[in-house]
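Quick look at entry12.txt (compact mmCIF, C-alpha atoms and all ligand atoms):
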# COMPACT_ATOMS: atom_id res chain seq x y z
CA MET A 92 78.32 -33.30 0.79
CA ASN A 93 80.38 -34.74 3.66
CA PHE A 94 81.64 -38.30 3.78
CA LYS A 95 83.77 -40.15 6.32
CA ILE A 96 86.10 -42.68 4.69
CA THR A 97 88.12 -45.21 6.70
CA LEU A 98 91.41 -46.04 5.01
CA LEU A 99 92.92 -49.48 5.63
CA PRO A 100 96.17 -49.27 3.65
CA GLY A 101 97.36 -52.65 4.95
CA ASP A 102 100.67 -54.22 3.94
CA GLY A 103 103.19 -54.21 1.08
CA ILE A 104 102.14 -51.88 -1.74
CA GLY A 105 98.77 -51.25 -0.02
CA PRO A 106 99.84 -47.95 1.62
CA GLU A 107 101.49 -46.77 -1.62
CA VAL A 108 98.39 -47.20 -3.78
CA VAL A 109 95.87 -46.02 -1.17
CA HIS A 110 97.82 -42.78 -0.80
CA GLU A 111 97.47 -42.15 -4.55
CA ALA A 112 93.70 -42.74 -4.42
CA THR A 113 93.36 -40.12 -1.67
CA ARG A 114 95.19 -37.60 -3.88
CA VAL A 115 92.59 -38.19 -6.60
CA LEU A 116 89.70 -37.98 -4.12
CA ASP A 117 91.05 -34.69 -2.75
CA VAL A 118 90.96 -33.14 -6.23
CA VAL A 119 87.43 -34.46 -6.88
CA ALA A 120 86.31 -33.05 -3.51
CA LYS A 121 87.65 -29.61 -4.39
CA LYS A 122 86.10 -29.67 -7.86
CA TYR A 123 82.61 -30.61 -6.64
CA ASN A 124 82.71 -28.95 -3.24
CA HIS A 125 82.52 -32.16 -1.20
CA THR A 126 84.37 -32.99 2.01
CA PHE A 127 86.01 -36.40 2.24
CA CYS A 128 87.28 -36.96 5.80
CA PHE A 129 89.88 -39.73 5.94
CA GLN A 130 90.65 -41.76 9.06
CA GLU A 131 93.43 -44.35 8.81
CA ARG A 132 93.45 -47.68 10.69
CA LEU A 133 95.64 -50.78 10.72
CA MET A 134 94.48 -54.09 9.26
CA GLY A 135 96.35 -57.22 8.23
CA GLY A 136 100.00 -57.97 8.97
CA CYS A 137 100.72 -54.45 10.24
CA SER A 138 97.92 -54.85 12.80
CA ILE A 139 99.28 -58.24 13.91
CA ASP A 140 102.68 -56.60 14.47
CA LYS A 141 101.25 -53.73 16.53
CA TYR A 142 98.23 -55.25 18.30
CA GLY A 143 98.71 -59.03 17.97
CA THR A 144 95.51 -59.35 15.91
CA SER A 145 94.79 -58.78 12.22
CA LEU A 146 91.71 -56.66 12.94
CA THR A 147 90.99 -55.01 16.28
CA ASP A 148 87.42 -54.51 17.50
CA GLU A 149 88.14 -50.77 17.53
CA ALA A 150 89.23 -50.74 13.89
CA LEU A 151 86.12 -52.70 12.86
CA ALA A 152 83.91 -50.32 14.86
CA ASP A 153 85.55 -47.33 13.16
CA CYS A 154 84.92 -48.91 9.75
CA LYS A 155 81.28 -49.49 10.66
CA SER A 156 80.84 -45.88 11.76
CA SER A 157 82.15 -44.48 8.46
CA ASP A 158 80.40 -44.04 5.11
CA ALA A 159 82.82 -46.29 3.21
CA VAL A 160 86.07 -48.20 3.61
CA LEU A 161 88.98 -48.05 1.16
CA LEU A 162 91.42 -50.93 1.53
CA GLY A 163 94.86 -51.44 -0.03
CA ALA A 164 95.97 -55.06 0.41
CA VAL A 165 97.09 -57.34 3.21
CA GLY A 166 99.59 -60.14 3.64
CA GLY A 167 103.19 -60.98 2.91
CA PRO A 168 105.86 -63.60 3.62
CA LYS A 169 106.46 -62.22 7.12
CA TRP A 170 103.02 -63.47 8.23
CA ASP A 171 102.89 -66.67 6.16
CA ASP A 172 103.61 -69.18 8.95
CA PRO A 173 100.80 -71.79 8.59
CA ASN A 174 100.93 -72.40 12.35
CA ALA A 175 100.50 -68.73 13.30
CA LYS A 176 97.45 -68.11 15.45
CA ASP A 177 96.38 -65.17 13.31
CA ARG A 178 96.91 -64.35 9.63
CA PRO A 179 96.34 -61.12 7.67
CA GLU A 180 93.59 -62.77 5.55
CA ARG A 181 91.57 -63.54 8.69
CA GLY A 182 91.23 -59.80 9.26
CA LEU A 183 89.88 -59.43 5.74
CA LEU A 184 87.27 -62.14 6.19
CA ALA A 185 86.27 -60.67 9.58
CA LEU A 186 85.96 -57.22 8.02
CA ARG A 187 83.71 -58.47 5.19
CA LYS A 188 81.56 -60.39 7.65
CA GLY A 189 81.49 -57.46 10.10
CA LEU A 190 80.39 -54.98 7.44
CA GLY A 191 77.83 -57.43 6.06
CA VAL A 192 79.13 -57.03 2.52
CA PHE A 193 77.79 -60.08 0.71
CA ALA A 194 78.52 -59.13 -2.91
CA ASN A 195 81.90 -58.50 -4.48
CA LEU A 196 81.71 -56.65 -7.79
CA ARG A 197 84.63 -56.83 -10.19
CA PRO A 198 84.20 -54.94 -13.44
CA VAL A 199 86.60 -56.21 -16.12
CA LYS A 200 87.02 -53.96 -19.13
CA VAL A 201 89.86 -54.23 -21.60
CA HIS A 202 91.23 -50.85 -22.60
CA PRO A 203 91.86 -50.89 -26.38
CA ALA A 204 95.35 -49.47 -25.85
CA LEU A 205 96.25 -52.35 -23.51
CA ILE A 206 95.06 -55.23 -25.66
CA ASP A 207 98.66 -56.22 -26.38
CA SER A 208 99.40 -56.48 -22.62
CA SER A 209 97.01 -59.42 -22.34
CA PRO A 210 98.17 -62.97 -23.12
CA LEU A 211 94.99 -63.51 -25.16
CA LYS A 212 94.77 -62.93 -28.91
CA PRO A 213 93.59 -59.34 -29.65
CA GLU A 214 90.49 -60.49 -31.59
CA LYS A 215 89.21 -62.32 -28.49
CA LEU A 216 89.40 -59.14 -26.40
CA LYS A 217 87.30 -56.86 -28.59
CA ASP A 218 84.26 -55.48 -26.70
CA VAL A 219 85.05 -57.30 -23.44
CA ASP A 220 83.02 -55.60 -20.69
CA ILE A 221 82.18 -58.01 -17.88
CA LEU A 222 80.86 -57.47 -14.38
CA VAL A 223 81.63 -60.46 -12.17
CA ILE A 224 79.56 -60.60 -8.97
CA ARG A 225 80.90 -63.02 -6.38
CA GLU A 226 78.98 -64.05 -3.27
CA LEU A 227 81.24 -63.11 -0.39
CA THR A 228 79.96 -64.20 3.01
CA GLY A 229 78.66 -67.73 2.47
CA GLY A 230 79.64 -71.01 0.86
CA LEU A 231 82.75 -73.05 1.42
CA TYR A 232 84.79 -70.31 3.10
CA PHE A 233 82.40 -69.95 6.03
CA GLY A 234 80.31 -73.16 6.18
CA GLN A 235 80.44 -75.33 9.30
CA PRO A 236 81.80 -77.84 10.14
CA LYS A 237 85.24 -76.69 9.09
CA MET A 238 87.99 -78.56 10.89
CA ARG A 239 90.83 -81.02 10.90
CA GLU A 240 91.23 -84.00 13.24
CA MET A 241 92.67 -87.50 13.54
CA ARG A 242 90.22 -90.28 12.65
CA ASP A 243 91.29 -93.89 13.06
CA GLY A 244 94.93 -92.80 12.99
CA LYS A 245 94.48 -90.83 9.76
CA GLN A 246 94.44 -87.06 9.27
CA TYR A 247 90.96 -85.89 8.28
CA ALA A 248 89.85 -82.41 7.14
CA VAL A 249 86.44 -81.06 6.18
CA ASP A 250 85.01 -77.83 4.74
CA THR A 251 81.29 -77.32 4.17
CA LEU A 252 79.58 -75.73 1.18
CA GLU A 253 76.27 -74.36 2.43
CA TYR A 254 73.81 -71.71 1.29
CA PHE A 255 70.47 -70.47 2.50
CA ASP A 256 67.88 -69.40 -0.07
CA TYR A 257 67.91 -65.77 1.12
CA GLU A 258 71.69 -65.53 0.59
CA ILE A 259 71.25 -66.56 -3.04
CA LYS A 260 68.14 -64.43 -3.60
CA ARG A 261 69.74 -61.17 -2.46
CA ILE A 262 72.78 -61.55 -4.71
CA MET A 263 70.59 -62.56 -7.67
CA ASP A 264 68.43 -59.45 -7.10
CA LEU A 265 71.58 -57.35 -7.19
CA ALA A 266 72.87 -59.06 -10.36
CA PHE A 267 69.60 -58.54 -12.21
CA ASP A 268 69.37 -54.97 -10.98
CA LEU A 269 72.86 -54.12 -12.22
CA ALA A 270 72.23 -55.94 -15.53
CA LYS A 271 69.38 -53.50 -16.24
CA GLY A 272 71.89 -50.68 -16.69
CA ARG A 273 74.14 -52.85 -18.91
CA LYS A 274 73.60 -55.35 -21.75
CA LYS A 275 70.73 -57.03 -19.90
CA LYS A 276 72.24 -60.49 -19.65
CA VAL A 277 72.97 -62.50 -16.49
CA THR A 278 75.09 -65.66 -16.53
CA SER A 279 74.56 -67.62 -13.32
CA VAL A 280 77.50 -69.95 -12.72
CA ASP A 281 77.10 -73.14 -10.67
CA LYS A 282 77.92 -76.85 -10.58
CA ALA A 283 74.34 -78.04 -10.54
CA ASN A 284 75.18 -81.39 -12.15
CA VAL A 285 77.06 -82.40 -8.98
CA LEU A 286 76.34 -80.10 -6.02
CA GLU A 287 73.07 -79.82 -4.09
CA SER A 288 73.90 -76.24 -3.07
CA SER A 289 74.25 -75.44 -6.78
CA ARG A 290 70.84 -76.93 -7.53
CA LEU A 291 69.34 -74.54 -4.96
CA TRP A 292 71.43 -71.74 -6.51
CA ARG A 293 70.03 -72.54 -9.99
CA GLN A 294 66.44 -72.80 -8.71
CA ILE A 295 66.60 -69.34 -7.08
CA ALA A 296 68.35 -67.85 -10.12
CA SER A 297 65.50 -69.15 -12.30
CA ASN A 298 62.89 -67.67 -9.94
CA VAL A 299 64.55 -64.25 -9.99
CA GLY A 300 64.94 -64.59 -13.78
CA THR A 301 61.19 -65.19 -14.14
CA ALA A 302 60.53 -62.03 -12.12
CA ASN A 303 62.81 -60.05 -14.48
CA PRO A 304 61.57 -60.88 -18.00
CA GLY A 305 63.58 -58.02 -19.55
CA ILE A 306 66.87 -59.69 -18.62
CA GLN A 307 68.26 -62.74 -20.41
CA LEU A 308 69.34 -65.45 -17.93
CA GLU A 309 71.70 -68.26 -18.81
CA HIS A 310 72.93 -71.02 -16.47
CA THR A 311 76.51 -72.16 -17.02
CA LEU A 312 78.51 -74.82 -15.22
CA VAL A 313 81.66 -73.43 -13.61
CA ASP A 314 83.99 -75.57 -15.70
CA THR A 315 82.37 -74.34 -18.92
CA ALA A 316 82.40 -70.75 -17.64
CA SER A 317 86.13 -70.89 -16.93
CA MET A 318 86.73 -72.09 -20.49
CA LYS A 319 84.45 -69.46 -22.09
CA LEU A 320 86.16 -66.67 -20.15
CA ILE A 321 89.24 -67.41 -22.25
CA THR A 322 87.66 -68.53 -25.55
CA SER A 323 84.82 -65.99 -25.83
CA PRO A 324 85.01 -63.42 -23.02
CA ALA A 325 82.99 -60.83 -24.96
CA SER A 326 79.93 -63.12 -24.77
CA PHE A 327 79.51 -62.29 -21.04
CA ASP A 328 77.78 -59.32 -19.48
CA VAL A 329 77.00 -59.92 -15.78
CA ILE A 330 78.34 -63.12 -14.21
CA VAL A 331 76.99 -64.07 -10.77
CA THR A 332 78.39 -66.95 -8.76
CA GLU A 333 79.06 -68.38 -5.32
CA ASN A 334 82.06 -67.58 -3.15
CA MET A 335 84.76 -70.07 -4.18
CA PHE A 336 83.82 -70.24 -7.88
CA GLY A 337 83.87 -66.43 -7.87
CA ASP A 338 87.26 -66.31 -6.16
CA ILE A 339 88.75 -68.39 -8.96
CA LEU A 340 86.86 -66.91 -11.92
CA THR A 341 87.56 -63.30 -10.92
CA ASP A 342 91.32 -63.92 -10.94
CA GLU A 343 91.01 -65.66 -14.29
CA ALA A 344 89.00 -62.72 -15.68
CA SER A 345 91.61 -60.25 -14.43
CA VAL A 346 94.14 -61.69 -16.88
CA LEU A 347 92.04 -60.27 -19.72
CA ALA A 348 92.84 -56.70 -18.64
CA GLY A 349 96.61 -57.15 -18.92
CA SER A 350 97.67 -56.49 -15.32
CA MET A 351 96.35 -57.22 -11.83
CA GLY A 352 97.18 -53.61 -11.03
CA MET A 353 94.41 -52.26 -13.27
CA LEU A 354 91.28 -53.69 -11.72
CA PRO A 355 89.05 -52.35 -8.94
CA SER A 356 86.45 -54.05 -6.80
CA ALA A 357 83.50 -53.08 -4.63
CA SER A 358 81.99 -55.17 -1.87
CA LEU A 359 78.43 -54.21 -1.08
CA GLY A 360 75.70 -55.05 1.40
CA GLU A 361 72.02 -54.33 1.32
CA SER A 362 72.53 -50.74 0.18
CA ALA A 363 73.22 -52.08 -3.30
CA VAL A 364 69.59 -53.12 -3.52
CA PRO A 365 67.34 -50.11 -4.11
CA GLU A 366 64.92 -48.96 -1.42
CA LYS A 367 66.85 -50.65 1.39
CA GLU A 368 68.68 -48.99 4.24
CA ALA A 369 72.16 -47.76 3.27
CA ARG A 370 75.09 -49.88 4.39
CA ILE A 371 78.82 -49.38 4.18
CA GLY A 372 80.73 -50.50 1.11
CA LEU A 373 84.26 -51.88 1.08
CA TYR A 374 86.42 -50.87 -1.88
CA GLU A 375 89.79 -52.39 -2.82
CA PRO A 376 91.93 -53.21 -5.83
CA ILE A 377 91.85 -56.89 -6.78
CA HIS A 378 95.59 -57.37 -6.40
CA GLY A 379 97.46 -58.43 -3.27
CA SER A 380 100.25 -56.74 -1.36
CA ALA A 381 102.86 -57.53 -4.07
CA PRO A 382 105.81 -57.99 -1.67
CA ASP A 383 108.16 -58.35 -4.66
CA ILE A 384 107.76 -54.67 -5.56
CA ALA A 385 106.72 -53.15 -2.20
CA GLY A 386 108.63 -50.04 -1.12
CA ARG A 387 109.99 -49.33 -4.60
CA GLY A 388 107.33 -46.81 -5.62
CA ILE A 389 106.52 -48.63 -8.87
CA ALA A 390 103.12 -50.19 -8.10
CA ASN A 391 100.30 -49.41 -10.49
CA PRO A 392 97.78 -47.25 -8.58
CA VAL A 393 94.98 -47.56 -11.18
CA GLY A 394 93.10 -50.45 -9.50
CA THR A 395 92.84 -48.48 -6.25
CA ILE A 396 91.95 -45.21 -7.98
CA LEU A 397 89.17 -46.99 -9.91
CA SER A 398 88.04 -48.57 -6.60
CA ALA A 399 87.66 -45.03 -5.25
CA ALA A 400 85.49 -44.25 -8.30
CA LEU A 401 83.29 -47.26 -7.46
CA MET A 402 83.02 -45.92 -3.90
CA LEU A 403 81.71 -42.61 -5.20
CA ARG A 404 79.19 -44.42 -7.43
CA HIS A 405 77.86 -47.14 -5.13
CA SER A 406 78.21 -45.74 -1.59
CA PHE A 407 77.88 -41.99 -2.17
CA LYS A 408 75.70 -42.00 -5.32
CA LEU A 409 78.06 -39.48 -6.95
CA GLU A 410 77.84 -40.81 -10.52
CA ASP A 411 79.30 -37.74 -12.29
CA GLU A 412 82.31 -37.71 -9.98
CA ALA A 413 82.83 -41.47 -10.48
CA GLN A 414 82.72 -41.07 -14.24
CA LEU A 415 85.14 -38.16 -14.07
CA ILE A 416 87.75 -40.43 -12.45
CA GLU A 417 87.08 -43.32 -14.84
CA ASN A 418 87.33 -41.05 -17.89
CA ALA A 419 90.56 -39.52 -16.58
CA VAL A 420 92.09 -43.00 -16.14
CA TYR A 421 90.86 -44.06 -19.59
CA GLN A 422 92.35 -40.96 -21.20
CA THR A 423 95.65 -41.36 -19.34
CA ILE A 424 96.04 -44.92 -20.63
CA ALA A 425 95.03 -43.80 -24.13
CA ASP A 426 97.71 -41.07 -23.93
CA GLY A 427 100.31 -43.81 -23.41
CA ALA A 428 101.10 -43.41 -19.69
CA ARG A 429 102.30 -46.76 -18.32
CA THR A 430 103.65 -48.10 -15.04
CA VAL A 431 106.26 -50.88 -15.04
CA ASP A 432 103.70 -53.74 -14.95
CA LEU A 433 102.32 -52.40 -18.25
CA GLY A 434 105.74 -52.17 -19.85
CA GLY A 435 106.29 -48.48 -19.04
CA ALA A 436 108.58 -46.60 -16.68
CA LEU A 437 106.29 -44.30 -14.67
CA THR A 438 106.40 -44.48 -10.88
CA THR A 439 103.24 -44.86 -8.79
CA CYS A 440 103.25 -41.14 -8.08
CA GLU A 441 103.94 -40.11 -11.70
CA MET A 442 101.09 -42.29 -12.98
CA THR A 443 98.73 -40.52 -10.58
CA ASP A 444 100.11 -37.14 -11.67
CA GLU A 445 99.12 -38.03 -15.25
CA ILE A 446 95.63 -39.04 -14.13
CA LEU A 447 95.27 -35.81 -12.14
CA LYS A 448 96.11 -33.80 -15.28
CA ASN A 449 93.13 -35.42 -16.99
CA LEU A 450 90.68 -34.86 -14.13
P1 LIG B 501 99.78 -60.12 -5.74
O1 LIG B 501 98.52 -59.65 -6.38
O2 LIG B 501 100.24 -59.39 -4.55
O3 LIG B 501 100.96 -60.09 -6.84
C1 LIG B 501 100.94 -60.90 -8.01
C2 LIG B 501 101.88 -60.26 -9.05
O4 LIG B 501 101.27 -59.08 -9.57
C3 LIG B 501 103.22 -59.83 -8.46
O5 LIG B 501 104.23 -60.03 -9.41
C4 LIG B 501 103.04 -58.35 -8.21
O6 LIG B 501 104.24 -57.61 -8.28
C5 LIG B 501 102.08 -57.96 -9.33
N1 LIG B 501 101.21 -56.84 -8.92
C6 LIG B 501 100.17 -56.92 -8.07
N2 LIG B 501 99.62 -55.71 -7.91
C7 LIG B 501 100.33 -54.86 -8.66
C8 LIG B 501 100.27 -53.47 -8.89
N3 LIG B 501 99.33 -52.68 -8.32
N4 LIG B 501 101.19 -52.91 -9.72
C9 LIG B 501 102.12 -53.66 -10.31
N5 LIG B 501 102.23 -54.98 -10.14
C10 LIG B 501 101.36 -55.58 -9.31
O7 LIG B 501 99.58 -61.67 -5.39
P2 LIG B 501 100.54 -62.67 -4.60
O8 LIG B 501 101.96 -62.37 -4.92
O9 LIG B 501 100.00 -64.01 -4.87
O10 LIG B 501 100.27 -62.36 -3.07
C11 LIG B 501 101.10 -61.52 -2.28
C12 LIG B 501 100.47 -61.35 -0.92
O11 LIG B 501 99.22 -60.66 -1.06
C13 LIG B 501 100.13 -62.69 -0.23
O12 LIG B 501 100.43 -62.57 1.13
C14 LIG B 501 98.64 -62.85 -0.44
O13 LIG B 501 98.04 -63.60 0.57
C15 LIG B 501 98.20 -61.40 -0.40
N6 LIG B 501 96.92 -61.13 -1.09
C16 LIG B 501 96.11 -60.22 -0.51
C17 LIG B 501 94.93 -59.86 -1.13
C18 LIG B 501 94.07 -58.81 -0.49
O14 LIG B 501 94.54 -58.11 0.37
N7 LIG B 501 92.84 -58.68 -0.89
C19 LIG B 501 94.58 -60.43 -2.36
C20 LIG B 501 95.46 -61.34 -2.95
C21 LIG B 501 96.64 -61.68 -2.30

Before we go any further, please render this structure as structure tokens.
Ligand code: NAD
Amino acid sequence: MNFKITLLPGDGIGPEVVHEATRVLDVVAKKYNHTFCFQERLMGGCSIDKYGTSLTDEALADCKSSDAVLLGAVGGPKWDDPNAKDRPERGLLALRKGLGVFANLRPVKVHPALIDSSPLKPEKLKDVDILVIRELTGGLYFGQPKMREMRDGKQYAVDTLEYFDYEIKRIMDLAFDLAKGRKKKVTSVDKANVLESSRLWRQIASNVGTANPGIQLEHTLVDTASMKLITSPASFDVIVTENMFGDILTDEASVLAGSMGMLPSASLGESAVPEKEARIGLYEPIHGSAPDIAGRGIANPVGTILSAALMLRHSFKLEDEAQLIENAVYQTIADGARTVDLGGALTTCEMTDEILKNL
């Protein structure tokens, strides 16, 4: 099969880790007789430097015309000026909106050999296998009005937390659908004791729960959820939540796995829901551009390589190929291969070499 993949390596360690993922994809393509055509575009700080904007219309159009997008990371101190008219993160938000990817999936599994890399006690980490699904295109990050102005001589700022029923329904459908292939439990996280938008969220979650009697649904307030992620993370299966709560909880959950460098993510649109027209997925590691280690060749490439596996699974429906990559990574970690963030000494390239040996 032939697939066109747009690469957005971005800034900092982004290009280093995306390069490693393409090495893995090339080997998978050869093994299974697929063709992965890569086209590379600028996004983030590098695009601001070259074109004066974090995402050009052309780059977005190229992403839309491909089968999937693999992103490294964007940002860095060079583009941190709060008064700048464009920032790398704006490109990311525009890309998500432009591709219509409304659900961000972050699987968090703790590899038994890495339990000691996590700050949590080992007994808490046994059997942790969580899929966090964060709503990505609504809520506080996009709601209007969003502005700052002077009112009666005082500075005033407002953000708006808004959701339509259909935005909640489609992400709930996805959560329940994905729970069917897992431990059949959905935890819907909200703040329904305080927020009206959360009461709508809870109402729709309950409706979708009623339509899926084979799946256990629990409602949890976001403050309780953040506590349980640390005290009893193995009690979760699928967590589904709105944009800002998800932003915070996914970073908290990443701590369980020992290093930011280990975890992948997939951002999906309607294609994630069966029987609907296919849409493009956006795949990226959960970490940022790590300016502190950029250019040194020591970044952990695993999060990006596992993101490529998610791309094969969700956008291309190549389950065997996805599992091949995941098993190779699992085996490589079990064999003791470690980058610096995991207490080892392997370079980015050497870590990938070890994974390639296990493919
Ligand atoms: P970060 O994730 O870049 O780094 C946090 C820490 O984790 C650093 O010590 C870094 O060295 C380490 N780390 C991250 N990825 C690693 C990897 N693959 N291997 C080894 N170590 C790794 O977060 P930050 O420092 O808060 O942000 C740096 C820049 O990245 C900022 O400009 C921020 O806005 C941006 N950022 C971008 C994204 C994105 O592109 N999606 C996400 C988060 C942060």

Record the distance separating CA of Cys137 (chain A) and CA of Ser380 (chain A), expressed in Å with one decimal.
11.8 Å

Give the residues close to ligand LIG 501 (chain B), within 10 Å, counting all atoms listed in the file; write them as a ChimeraX atom specification.
/A:100-105,107-108,134-136,162-171,178-180,182-184,342,350-354,356,375-385,388-395,430-433,438-439

CA of Leu205 (chain A) and CA of Met318 (chain A) are how many Å apart?
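Computing the Euclidean distance for CA of Leu205 (chain A) and CA of Met318 (chain A) yields 22.1 Å.
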
Proximity check region 164-241 of chain A to region 288-297 of chain A, 12 Å, nearest pairs one decimal Å, all atoms listed in the file, as a tab-separated table:
residue	atom	partner	partner_atom	distance
A:Glu226	CA	A:Trp292	CA	11.3
A:Gly229	CA	A:Ser288	CA	11.2
A:Gly230	CA	A:Ser288	CA	8.7
A:Leu231	CA	A:Ser288	CA	10.4
A:Gly234	CA	A:Ser288	CA	11.7

Report, in Å to a single decimal, how far apart CA of Tyr123 (chain A) and CA of Lys408 (chain A) are.
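Computed distance, CA of Lys408 (chain A) to CA of Tyr123 (chain A), equals 13.4 Å.
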
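For the set A:Ala266, A:Val201, A:Leu312, A:Ile371, the residue with the smallest atom-to-atom gap to Leu186 (chain A) is A:Ile371, counting all atoms listed in the file.
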
Missing atoms in region 196-216 of chain A: can you complete it with N, CA and C atoms, as a PDB file, in the coordinates of the input?
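Output file selection_31.pdb follows:
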ATOM      1  N   LEU A 196      81.855 -57.016  -6.378  1.00  0.00           N
ATOM      2  CA  LEU A 196      81.710 -56.650  -7.790  1.00  0.00           C
ATOM      3  C   LEU A 196      83.083 -56.405  -8.394  1.00  0.00           C
ATOM      4  N   ARG A 197      83.371 -57.080  -9.490  1.00  0.00           N
ATOM      5  CA  ARG A 197      84.630 -56.830 -10.190  1.00  0.00           C
ATOM      6  C   ARG A 197      84.357 -56.525 -11.658  1.00  0.00           C
ATOM      7  N   PRO A 198      84.355 -55.261 -12.026  1.00  0.00           N
ATOM      8  CA  PRO A 198      84.200 -54.940 -13.440  1.00  0.00           C
ATOM      9  C   PRO A 198      85.498 -55.246 -14.180  1.00  0.00           C
ATOM     10  N   VAL A 199      85.408 -55.908 -15.318  1.00  0.00           N
ATOM     11  CA  VAL A 199      86.600 -56.210 -16.120  1.00  0.00           C
ATOM     12  C   VAL A 199      86.384 -55.656 -17.524  1.00  0.00           C
ATOM     13  N   LYS A 200      87.091 -54.566 -17.808  1.00  0.00           N
ATOM     14  CA  LYS A 200      87.020 -53.960 -19.130  1.00  0.00           C
ATOM     15  C   LYS A 200      88.412 -53.978 -19.703  1.00  0.00           C
ATOM     16  N   VAL A 201      88.528 -54.224 -20.989  1.00  0.00           N
ATOM     17  CA  VAL A 201      89.860 -54.230 -21.600  1.00  0.00           C
ATOM     18  C   VAL A 201      90.027 -52.920 -22.361  1.00  0.00           C
ATOM     19  N   HIS A 202      90.967 -52.109 -21.904  1.00  0.00           N
ATOM     20  CA  HIS A 202      91.230 -50.850 -22.600  1.00  0.00           C
ATOM     21  C   HIS A 202      91.854 -51.159 -23.960  1.00  0.00           C
ATOM     22  N   PRO A 203      91.332 -50.555 -25.043  1.00  0.00           N
ATOM     23  CA  PRO A 203      91.860 -50.890 -26.380  1.00  0.00           C
ATOM     24  C   PRO A 203      93.376 -50.709 -26.475  1.00  0.00           C
ATOM     25  N   ALA A 204      93.909 -49.717 -25.755  1.00  0.00           N
ATOM     26  CA  ALA A 204      95.350 -49.470 -25.850  1.00  0.00           C
ATOM     27  C   ALA A 204      96.176 -50.513 -25.104  1.00  0.00           C
ATOM     28  N   LEU A 205      95.505 -51.352 -24.301  1.00  0.00           N
ATOM     29  CA  LEU A 205      96.250 -52.350 -23.510  1.00  0.00           C
ATOM     30  C   LEU A 205      96.040 -53.776 -24.009  1.00  0.00           C
ATOM     31  N   ILE A 206      95.376 -53.893 -25.154  1.00  0.00           N
ATOM     32  CA  ILE A 206      95.060 -55.230 -25.660  1.00  0.00           C
ATOM     33  C   ILE A 206      96.324 -56.085 -25.802  1.00  0.00           C
ATOM     34  N   ASP A 207      97.426 -55.451 -26.188  1.00  0.00           N
ATOM     35  CA  ASP A 207      98.660 -56.220 -26.380  1.00  0.00           C
ATOM     36  C   ASP A 207      99.294 -56.655 -25.052  1.00  0.00           C
ATOM     37  N   SER A 208      98.863 -56.074 -23.926  1.00  0.00           N
ATOM     38  CA  SER A 208      99.400 -56.480 -22.620  1.00  0.00           C
ATOM     39  C   SER A 208      98.778 -57.785 -22.142  1.00  0.00           C
ATOM     40  N   SER A 209      97.678 -58.194 -22.762  1.00  0.00           N
ATOM     41  CA  SER A 209      97.010 -59.420 -22.340  1.00  0.00           C
ATOM     42  C   SER A 209      97.585 -60.620 -23.091  1.00  0.00           C
ATOM     43  N   PRO A 210      97.652 -61.772 -22.423  1.00  0.00           N
ATOM     44  CA  PRO A 210      98.170 -62.970 -23.120  1.00  0.00           C
ATOM     45  C   PRO A 210      97.192 -63.511 -24.163  1.00  0.00           C
ATOM     46  N   LEU A 211      95.945 -63.001 -24.181  1.00  0.00           N
ATOM     47  CA  LEU A 211      94.990 -63.510 -25.160  1.00  0.00           C
ATOM     48  C   LEU A 211      95.168 -62.829 -26.519  1.00  0.00           C
ATOM     49  N   LYS A 212      94.695 -63.515 -27.572  1.00  0.00           N
ATOM     50  CA  LYS A 212      94.770 -62.930 -28.910  1.00  0.00           C
ATOM     51  C   LYS A 212      93.885 -61.676 -28.966  1.00  0.00           C
ATOM     52  N   PRO A 213      94.342 -60.602 -29.621  1.00  0.00           N
ATOM     53  CA  PRO A 213      93.590 -59.340 -29.650  1.00  0.00           C
ATOM     54  C   PRO A 213      92.138 -59.509 -30.089  1.00  0.00           C
ATOM     55  N   GLU A 214      91.873 -60.378 -31.085  1.00  0.00           N
ATOM     56  CA  GLU A 214      90.490 -60.490 -31.590  1.00  0.00           C
ATOM     57  C   GLU A 214      89.531 -61.043 -30.535  1.00  0.00           C
ATOM     58  N   LYS A 215      90.063 -61.769 -29.563  1.00  0.00           N
ATOM     59  CA  LYS A 215      89.210 -62.320 -28.490  1.00  0.00           C
ATOM     60  C   LYS A 215      88.806 -61.227 -27.496  1.00  0.00           C
ATOM     61  N   LEU A 216      89.588 -60.147 -27.457  1.00  0.00           N
ATOM     62  CA  LEU A 216      89.400 -59.140 -26.400  1.00  0.00           C
ATOM     63  C   LEU A 216      88.515 -57.972 -26.823  1.00  0.00           C
TER      64      LEU A 216
END
